[in-house]
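Reproduced below: work-v3.cif, with mmCIF, C-alpha atoms.
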```cif
data_data
loop_
_atom_site.label_atom_id
_atom_site.label_comp_id
_atom_site.auth_asym_id
_atom_site.auth_seq_id
_atom_site.Cartn_x
_atom_site.Cartn_y
_atom_site.Cartn_z
CA MET U 272 -10.31 46.64 20.32
CA LYS U 273 -6.88 46.39 18.73
CA ASN U 274 -7.13 42.59 18.68
CA ARG U 275 -10.53 42.74 17.01
CA SER U 276 -9.23 45.19 14.44
CA PHE U 277 -6.26 42.93 13.74
CA LEU U 278 -8.45 39.85 13.34
CA THR U 279 -10.83 41.76 11.09
CA LYS U 280 -7.93 42.52 8.76
CA VAL U 281 -6.20 39.15 8.93
CA CYS U 282 -9.20 36.79 8.60
CA PRO U 283 -10.20 37.92 5.08
CA ILE U 284 -6.58 37.61 3.96
CA LEU U 285 -6.27 34.08 5.35
CA SER U 286 -9.61 33.10 3.87
CA HIS U 287 -8.55 34.37 0.46
CA PHE U 288 -5.22 32.53 0.74
CA PHE U 289 -6.82 29.17 1.60
CA LYS U 290 -9.38 29.55 -1.20
CA LYS U 291 -6.54 30.16 -3.65
CA LEU U 292 -4.64 27.17 -2.27
CA LEU U 293 -7.70 24.94 -2.55
CA ASN U 294 -8.29 26.09 -6.11
CA PHE U 295 -4.64 25.39 -6.98
CA VAL U 296 -4.77 21.85 -5.56
CA THR U 297 -8.08 21.18 -7.30
CA MET U 298 -6.80 22.50 -10.63
CA ARG U 299 -3.59 20.50 -10.28
CA ARG U 300 -5.52 17.28 -9.72
CA LEU U 301 -7.85 18.09 -12.60
CA LEU U 302 -4.91 18.80 -14.91
CA THR U 303 -3.22 15.54 -13.89
CA ARG U 304 -6.45 13.65 -14.60
CA VAL U 305 -6.66 15.23 -18.06
CA ILE U 306 -3.02 14.31 -18.78
CA ASN U 307 -3.73 10.74 -17.63
CA ARG U 308 -6.64 10.44 -20.06
CA VAL U 309 -4.75 12.02 -22.97
CA LEU U 310 -1.71 9.76 -22.51
CA LEU U 311 -3.90 6.72 -21.98
CA GLY U 312 -5.82 7.37 -25.17
CA LYS U 313 -2.70 7.93 -27.25
CA GLN U 314 -1.82 4.74 -29.14
CA PHE U 315 -3.64 2.68 -26.47
CA LYS U 316 -5.56 0.66 -29.05
CA ALA U 317 -2.28 -0.29 -30.68
CA THR U 318 -1.44 -2.50 -27.70
CA MET U 319 -4.42 -4.71 -28.42
CA VAL U 320 -3.91 -5.50 -32.11
CA GLY U 321 -2.03 -8.15 -34.00
CA ALA U 322 -0.09 -10.93 -32.34
CA GLU U 323 0.04 -9.09 -29.00
CA ALA U 324 -3.67 -9.67 -28.46
CA GLU U 325 -2.91 -13.41 -28.37
CA ILE U 326 -1.47 -12.93 -24.89
CA HIS U 327 -5.06 -13.10 -23.61
CA THR U 328 -5.26 -16.75 -24.59
CA GLU U 329 -2.41 -17.72 -22.29
CA GLY U 330 -4.49 -17.67 -19.13
CA ARG U 331 -5.00 -15.37 -16.17
CA ARG U 332 -2.07 -13.21 -15.09
CA LYS U 333 -1.05 -11.13 -12.10
CA LEU U 334 0.57 -7.71 -12.57
CA VAL U 335 3.01 -6.36 -9.98
CA VAL U 336 3.92 -2.69 -10.37
CA GLY U 337 6.73 -0.76 -8.70
CA LEU U 338 5.53 2.85 -8.65
CA GLY U 339 8.16 5.56 -8.89
CA ASN U 340 9.91 8.16 -11.02
CA PRO U 341 12.15 6.97 -13.90
CA GLY U 342 15.78 7.91 -13.36
CA MET U 343 15.20 8.39 -9.62
CA GLU U 344 15.19 4.75 -8.53
CA GLY U 345 17.30 5.41 -5.42
CA THR U 346 14.92 7.90 -3.83
CA ARG U 347 12.31 7.30 -1.14
CA HIS U 348 9.45 8.04 -3.54
CA SER U 349 10.68 5.26 -5.85
CA VAL U 350 11.12 2.60 -3.17
CA GLY U 351 8.42 0.60 -4.96
CA MET U 352 10.84 0.17 -7.86
CA ALA U 353 13.53 -1.02 -5.45
CA VAL U 354 11.16 -3.67 -4.10
CA LEU U 355 10.32 -4.81 -7.62
CA GLY U 356 14.02 -5.03 -8.46
CA ALA U 357 14.57 -7.16 -5.37
CA LEU U 358 11.66 -9.40 -6.39
CA ALA U 359 13.13 -9.88 -9.88
CA ALA U 360 16.49 -10.76 -8.34
CA ARG U 361 14.89 -13.30 -5.95
CA LEU U 362 13.10 -14.93 -8.90
CA GLY U 363 16.35 -15.04 -10.90
CA VAL U 364 15.01 -12.88 -13.73
CA ALA U 365 16.72 -9.54 -13.02
CA ASP U 366 18.51 -9.72 -16.39
CA ARG U 367 15.23 -10.02 -18.31
CA TRP U 368 13.95 -6.44 -18.03
CA HIS U 369 13.06 -5.10 -21.46
CA GLY U 370 11.41 -1.90 -22.62
CA ASP U 371 7.89 -2.03 -24.03
CA ARG U 372 6.87 1.18 -25.77
CA HIS U 373 3.23 0.11 -25.91
CA VAL U 374 2.97 0.17 -22.12
CA SER U 375 5.48 3.00 -21.56
CA GLY U 376 7.52 0.88 -19.20
CA GLU U 377 9.90 -2.01 -18.62
CA VAL U 378 8.48 -5.48 -18.12
CA ILE U 379 9.41 -9.04 -17.21
CA LEU U 380 7.15 -12.02 -17.87
CA THR U 381 7.72 -14.78 -15.33
CA GLU U 382 6.03 -17.28 -13.02
CA VAL U 383 5.71 -17.51 -9.25
CA GLN U 384 4.75 -21.03 -8.13
CA GLN U 385 2.84 -21.67 -11.39
CA ALA U 386 1.12 -18.27 -11.29
CA ARG U 387 1.76 -16.18 -14.43
CA VAL U 388 3.17 -12.82 -13.39
CA VAL U 389 4.07 -9.59 -15.19
CA LEU U 390 6.50 -7.24 -13.44
CA LEU U 391 6.20 -3.60 -14.51
CA ARG U 392 8.39 -0.55 -13.95
CA PRO U 393 6.59 2.48 -15.47
CA ARG U 394 8.77 4.88 -17.47
CA LEU U 395 6.42 7.79 -16.88
CA LEU U 396 6.47 10.25 -13.99
CA MET U 397 4.84 9.14 -10.75
CA ASN U 398 1.79 11.37 -11.21
CA VAL U 399 0.91 9.58 -14.48
CA ASN U 400 2.14 6.06 -13.61
CA GLY U 401 -1.45 4.90 -14.00
CA VAL U 402 -1.22 5.30 -17.77
CA SER U 403 1.52 2.67 -17.93
CA VAL U 404 -0.38 0.39 -15.54
CA ALA U 405 -3.63 0.60 -17.50
CA ARG U 406 -1.84 -0.05 -20.79
CA ALA U 407 -0.07 -3.09 -19.35
CA ALA U 408 -3.34 -4.39 -17.88
CA GLY U 409 -4.97 -4.06 -21.30
CA LYS U 410 -2.13 -5.69 -23.20
CA TYR U 411 -1.69 -8.65 -20.85
CA GLY U 412 -5.36 -9.12 -20.01
CA VAL U 413 -4.98 -8.45 -16.28
CA LYS U 414 -8.04 -7.62 -14.18
CA PRO U 415 -7.78 -4.65 -11.75
CA GLU U 416 -8.13 -6.96 -8.73
CA ASP U 417 -5.07 -8.86 -9.98
CA ILE U 418 -2.87 -5.75 -10.08
CA LEU U 419 -0.63 -5.35 -7.04
CA LEU U 420 0.79 -1.84 -6.60
CA VAL U 421 4.00 -1.36 -4.59
CA HIS U 422 4.57 2.19 -3.36
CA ASP U 423 6.06 4.39 -0.64
CA GLU U 424 3.97 5.32 2.39
CA LEU U 425 4.58 8.52 4.39
CA ASP U 426 2.31 7.47 7.26
CA LYS U 427 4.40 4.42 8.11
CA PRO U 428 7.94 4.63 9.47
CA LEU U 429 10.85 3.14 7.58
CA GLY U 430 11.01 -0.50 8.63
CA LYS U 431 7.30 -1.27 8.37
CA ILE U 432 5.25 -2.54 5.45
CA ALA U 433 1.56 -3.34 5.03
CA ILE U 434 -0.89 -4.79 2.54
CA LYS U 435 -3.91 -2.60 1.81
CA HIS U 436 -6.87 -4.24 0.09
CA GLY U 437 -8.16 -1.55 -2.25
CA GLY U 438 -9.75 1.71 -1.20
CA SER U 439 -8.74 5.34 -1.64
CA ALA U 440 -5.32 6.58 -2.76
CA ARG U 441 -4.75 8.21 0.67
CA GLY U 442 -3.02 11.17 -0.96
CA HIS U 443 -0.53 9.16 -3.03
CA ASN U 444 -0.40 10.67 -6.53
CA GLY U 445 0.85 7.50 -8.20
CA VAL U 446 -1.97 5.42 -6.74
CA ARG U 447 -4.47 8.16 -7.59
CA SER U 448 -3.31 8.01 -11.21
CA CYS U 449 -3.85 4.24 -11.25
CA VAL U 450 -7.34 4.59 -9.77
CA ASP U 451 -8.20 7.25 -12.34
CA CYS U 452 -6.87 5.33 -15.35
CA LEU U 453 -8.31 1.96 -14.33
CA GLN U 454 -11.55 3.61 -13.11
CA THR U 455 -11.64 1.45 -10.00
CA ASP U 456 -9.92 1.28 -6.60
CA VAL U 457 -9.95 -2.49 -6.08
CA MET U 458 -6.20 -2.91 -6.64
CA PRO U 459 -4.36 -4.30 -3.59
CA ARG U 460 -1.21 -2.41 -2.54
CA LEU U 461 1.99 -3.12 -0.70
CA ARG U 462 2.71 0.05 1.26
CA VAL U 463 6.38 0.49 2.14
CA GLY U 464 6.99 2.93 4.97
CA ILE U 465 9.40 5.83 4.43
CA GLY U 466 8.25 7.98 7.35
CA ARG U 467 7.47 11.68 7.41
CA PRO U 468 10.16 14.37 7.18
CA ALA U 469 11.77 15.69 10.33
CA GLY U 470 11.99 19.36 11.27
CA LYS U 471 11.23 21.90 8.56
CA THR U 472 12.02 19.60 5.63
CA SER U 473 9.18 19.70 3.11
CA VAL U 474 7.38 16.51 2.11
CA GLU U 475 8.40 16.99 -1.52
CA ARG U 476 12.08 17.32 -0.64
CA HIS U 477 11.84 14.35 1.71
CA VAL U 478 10.30 11.92 -0.78
CA LEU U 479 12.71 12.92 -3.54
CA SER U 480 15.78 12.49 -1.31
CA ARG U 481 17.90 9.34 -0.99
CA PHE U 482 18.11 7.12 2.06
CA THR U 483 20.97 7.81 4.49
CA THR U 484 23.67 5.23 5.16
CA GLU U 485 21.93 4.13 8.37
CA GLU U 486 18.57 3.96 6.62
CA GLN U 487 20.08 1.81 3.86
CA LYS U 488 20.74 -0.90 6.45
CA ILE U 489 17.07 -0.87 7.45
CA LEU U 490 16.02 -0.77 3.80
CA GLU U 491 17.89 -4.01 3.08
CA ALA U 492 15.72 -5.80 5.63
CA VAL U 493 12.62 -4.05 4.27
CA LEU U 494 13.34 -5.32 0.75
CA VAL U 495 13.70 -8.91 1.97
CA GLN U 496 10.47 -8.72 3.98
CA SER U 497 8.62 -7.04 1.10
CA VAL U 498 9.66 -9.72 -1.40
CA ASP U 499 8.60 -12.47 1.03
CA LEU U 500 5.18 -10.85 1.34
CA LEU U 501 4.81 -10.34 -2.42
CA ILE U 502 5.63 -13.96 -3.17
CA SER U 503 3.14 -15.04 -0.53
CA GLN U 504 0.45 -12.84 -2.07
CA LEU U 505 1.17 -14.04 -5.60
CA SER U 506 1.16 -17.71 -4.64
CA GLN U 507 -2.22 -17.28 -2.95
CA GLN U 508 -3.72 -15.72 -6.07
CA ASP U 509 -6.11 -18.52 -7.02
CA ALA U 510 -7.44 -19.05 -3.50
CA GLN U 511 -7.95 -15.32 -2.91
CA SER U 512 -9.61 -14.78 -6.28
CA ALA U 513 -12.15 -17.50 -5.54
CA SER U 514 -13.03 -16.35 -2.03
CA SER U 515 -12.50 -12.56 -1.93
CA PRO U 516 -15.44 -10.22 -2.52
CA ALA U 517 -15.12 -7.59 -5.23
CA GLY U 518 -15.79 -3.92 -4.78
CA GLY U 519 -12.77 -1.84 -3.75
CA ARG U 520 -13.69 0.66 -1.05
CA ARG U 521 -16.95 -1.04 -0.04
CA ALA U 522 -15.29 -4.42 0.13
CA ALA U 523 -12.47 -2.96 2.19
CA GLN U 524 -14.96 -1.48 4.67
CA HIS U 525 -16.51 -4.90 5.21
CA ARG U 526 -13.26 -6.76 5.78
CA LYS U 527 -12.47 -7.68 9.36
CA LYS U 528 -8.99 -6.23 8.79
CA GLU U 529 -8.25 -3.88 5.93
CA GLU U 530 -4.52 -4.38 6.18
CA ASP U 531 -1.96 -6.66 7.82
CA SER U 532 1.07 -4.76 9.07
CA THR U 533 4.44 -6.47 9.30
CA ALA U 534 7.30 -4.98 11.35
CA VAL U 535 10.72 -5.48 9.85
CA ILE U 536 12.78 -4.13 12.75
#
```

Let me see the file written as structure tokens.
Amino acid sequence: MKNRSFLTKVCPILSHFFKKLLNFVTMRRLLTRVINRVLLGKQFKATMVGAEAEIHTEGRRKLVVGLGNPGMEGTRHSVGMAVLGALAARLGVADRWHGDRHVSGEVILTEVQQARVVLLRPRLLMNVNGVSVARAAGKYGVKPEDILLVHDELDKPLGKIAIKHGGSARGHNGVRSCVDCLQTDVMPRLRVGIGRPAGKTSVERHVLSRFTTEEQKILEAVLVQSVDLLISQLSQQDAQSASSPAGGRRAAQHRKKEEDSTAVI
């Protein structure tokens, strides 16, 4: 009887708590979506006027984006920026980063084996990175399927990377922002494992923390492997564009393999 009485009191409390939590998460996502749209609409048309619109006549481009938080490049959550920095260094263009207020980010225009490539480091917070990505795509005439997002992945341990061919954001706020702003989920992604937190460490604290000295050694190998994979993907652009089906989530469901995982250690 006592147990029943206890459950009778506790269940309504727990139910109320989870409803509040669900409402909070829903409202947070809705608010983020509104902010995405407001920022995207602000001065967005300005990126497509004047001489800048002539960029579209230069041929098809590929956009590679390192998702992360500005000013927090050394954290796990911004490992995508570290990969992009390593890519720029490999291509010998690391000194060519320049700010572009129209896209709210830093960009480099370069080539990878004759493929025209734009490297982008958003200067907006992770949750609204999609605004910068959409603006850059509009300015440089890049199709969503030619945008390659590089981001951290909690569900993969540090030392492993994988290519994901479109589909849902899988809980990643930066990717969700990109999907919302571009209004499609066809963008391929390079997912860089950072692993889940150990013990009682919260996910938020984990992703915003820096890699330990031992982890830095693994990260060095991860960066090399990630750049190798990015260059391979970029050089295969024309062949993939001609043969790959469009369609984001549906296309991903019909692929024999949605992603190819590569172990670094």

- Care to translate the PyMOL selection byres ((chain U and resi 482-488) around 12) into actual residues of this file, as number ranges by chain? U: 344-350, 353, 428-430, 464-466, 468, 477-481, 489-495, 535-536

Discussion item. I need the output of the PyMOL selection byres ((chain U and resi 449) around 8) for this file as JSON, numbers by chain; which residues are they?
Written reply: {"U": [399, 400, 401, 402, 404, 405, 445, 446, 447, 448, 450, 451, 452, 453, 454]}

Starting from the shown file, work through the PyMOL selection byres ((chain U and resi 460) around 10) and note down what comes out as a PyMOL selection string.
-> chain U and resi 335-336+418-422+433-438+440+446+457-459+461-463+501+530

Interatomic distance, CA of Thr455 (chain U) to CA of Ala357 (chain U) (Å, one decimal):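 For CA of Thr455 (chain U) relative to CA of Ala357 (chain U), the distance reads 28.0 Å.
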
Computed gap from CA of His443 (chain U) to CA of Leu390 (chain U) is 20.7 Å

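With all atoms listed in the file taken into account, the protein and nucleic acid residues at most 12 Å from Ile502 (chain U) (excluding it and anything under 4 positions from it in its own chain) are Lys333, Val335, Val354, Leu355, Ala357, Leu358, Ala359, Arg361, Leu362, Glu382, Val383, Gln384, Gln385, Ala386, Val388, Leu419, Leu461, Val495, Gln496, Ser497, Val498, Ser506, Gln507 and Gln508 of chain U.
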
Restricting the output to C-alpha atoms, write the selected residues as a PDB file, in the frame of the given file.
```
ATOM      1  CA  LYS U 333      -1.050 -11.130 -12.100  1.00  0.00           C
ATOM      2  CA  VAL U 335       3.010  -6.360  -9.980  1.00  0.00           C
ATOM      3  CA  VAL U 354      11.160  -3.670  -4.100  1.00  0.00           C
ATOM      4  CA  LEU U 355      10.320  -4.810  -7.620  1.00  0.00           C
ATOM      5  CA  ALA U 357      14.570  -7.160  -5.370  1.00  0.00           C
ATOM      6  CA  LEU U 358      11.660  -9.400  -6.390  1.00  0.00           C
ATOM      7  CA  ALA U 359      13.130  -9.880  -9.880  1.00  0.00           C
ATOM      8  CA  ARG U 361      14.890 -13.300  -5.950  1.00  0.00           C
ATOM      9  CA  LEU U 362      13.100 -14.930  -8.900  1.00  0.00           C
ATOM     10  CA  GLU U 382       6.030 -17.280 -13.020  1.00  0.00           C
ATOM     11  CA  VAL U 383       5.710 -17.510  -9.250  1.00  0.00           C
ATOM     12  CA  GLN U 384       4.750 -21.030  -8.130  1.00  0.00           C
ATOM     13  CA  GLN U 385       2.840 -21.670 -11.390  1.00  0.00           C
ATOM     14  CA  ALA U 386       1.120 -18.270 -11.290  1.00  0.00           C
ATOM     15  CA  VAL U 388       3.170 -12.820 -13.390  1.00  0.00           C
ATOM     16  CA  LEU U 419      -0.630  -5.350  -7.040  1.00  0.00           C
ATOM     17  CA  LEU U 461       1.990  -3.120  -0.700  1.00  0.00           C
ATOM     18  CA  VAL U 495      13.700  -8.910   1.970  1.00  0.00           C
ATOM     19  CA  GLN U 496      10.470  -8.720   3.980  1.00  0.00           C
ATOM     20  CA  SER U 497       8.620  -7.040   1.100  1.00  0.00           C
ATOM     21  CA  VAL U 498       9.660  -9.720  -1.400  1.00  0.00           C
ATOM     22  CA  SER U 506       1.160 -17.710  -4.640  1.00  0.00           C
ATOM     23  CA  GLN U 507      -2.220 -17.280  -2.950  1.00  0.00           C
ATOM     24  CA  GLN U 508      -3.720 -15.720  -6.070  1.00  0.00           C
TER      25      GLN U 508
END
```

Measuring between all atoms listed in the file, which one of U:Asp366, U:Asp371, U:Asp456, U:Asp423 shows the shortest distance to Met352 (chain U)?
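Among the listed residues, U:Asp423 lies closest to Met352 (chain U).
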
Restricting to only C-alpha atoms, whichever of U:Gly363, U:Pro415, U:Pro393, U:Gly370 is closest to Gly351 (chain U) is U:Pro393

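A straight line drawn from CA of Lys431 (chain U) to CA of Leu380 (chain U) is 28.4 Å long.
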
Original post:
In terms of the shortest atom-to-atom distance over all atoms listed in the file, which of U:Ser375, U:Lys471, U:Asn444, U:Asp417 is closest to Gln504 (chain U)?
Top reply: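 With all atoms listed in the file as the atom set, the closest residue is U:Asp417.
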
Counting all atoms listed in the file, give me one row per residue of region 362-455 of chain U with an atom at most 6 Å from an atom of region 338-342 of chain U, showing the shortest contact pair and its distance in Å to one decimal, sorted by chain then residue number, as CSV.
```
residue,atom,partner,partner_atom,distance
U:Arg394,CA,U:Pro341,CA,5.3
U:Leu396,CA,U:Asn340,CA,5.0
U:Met397,CA,U:Asn340,CA,5.2
U:His422,CA,U:Leu338,CA,5.4
```
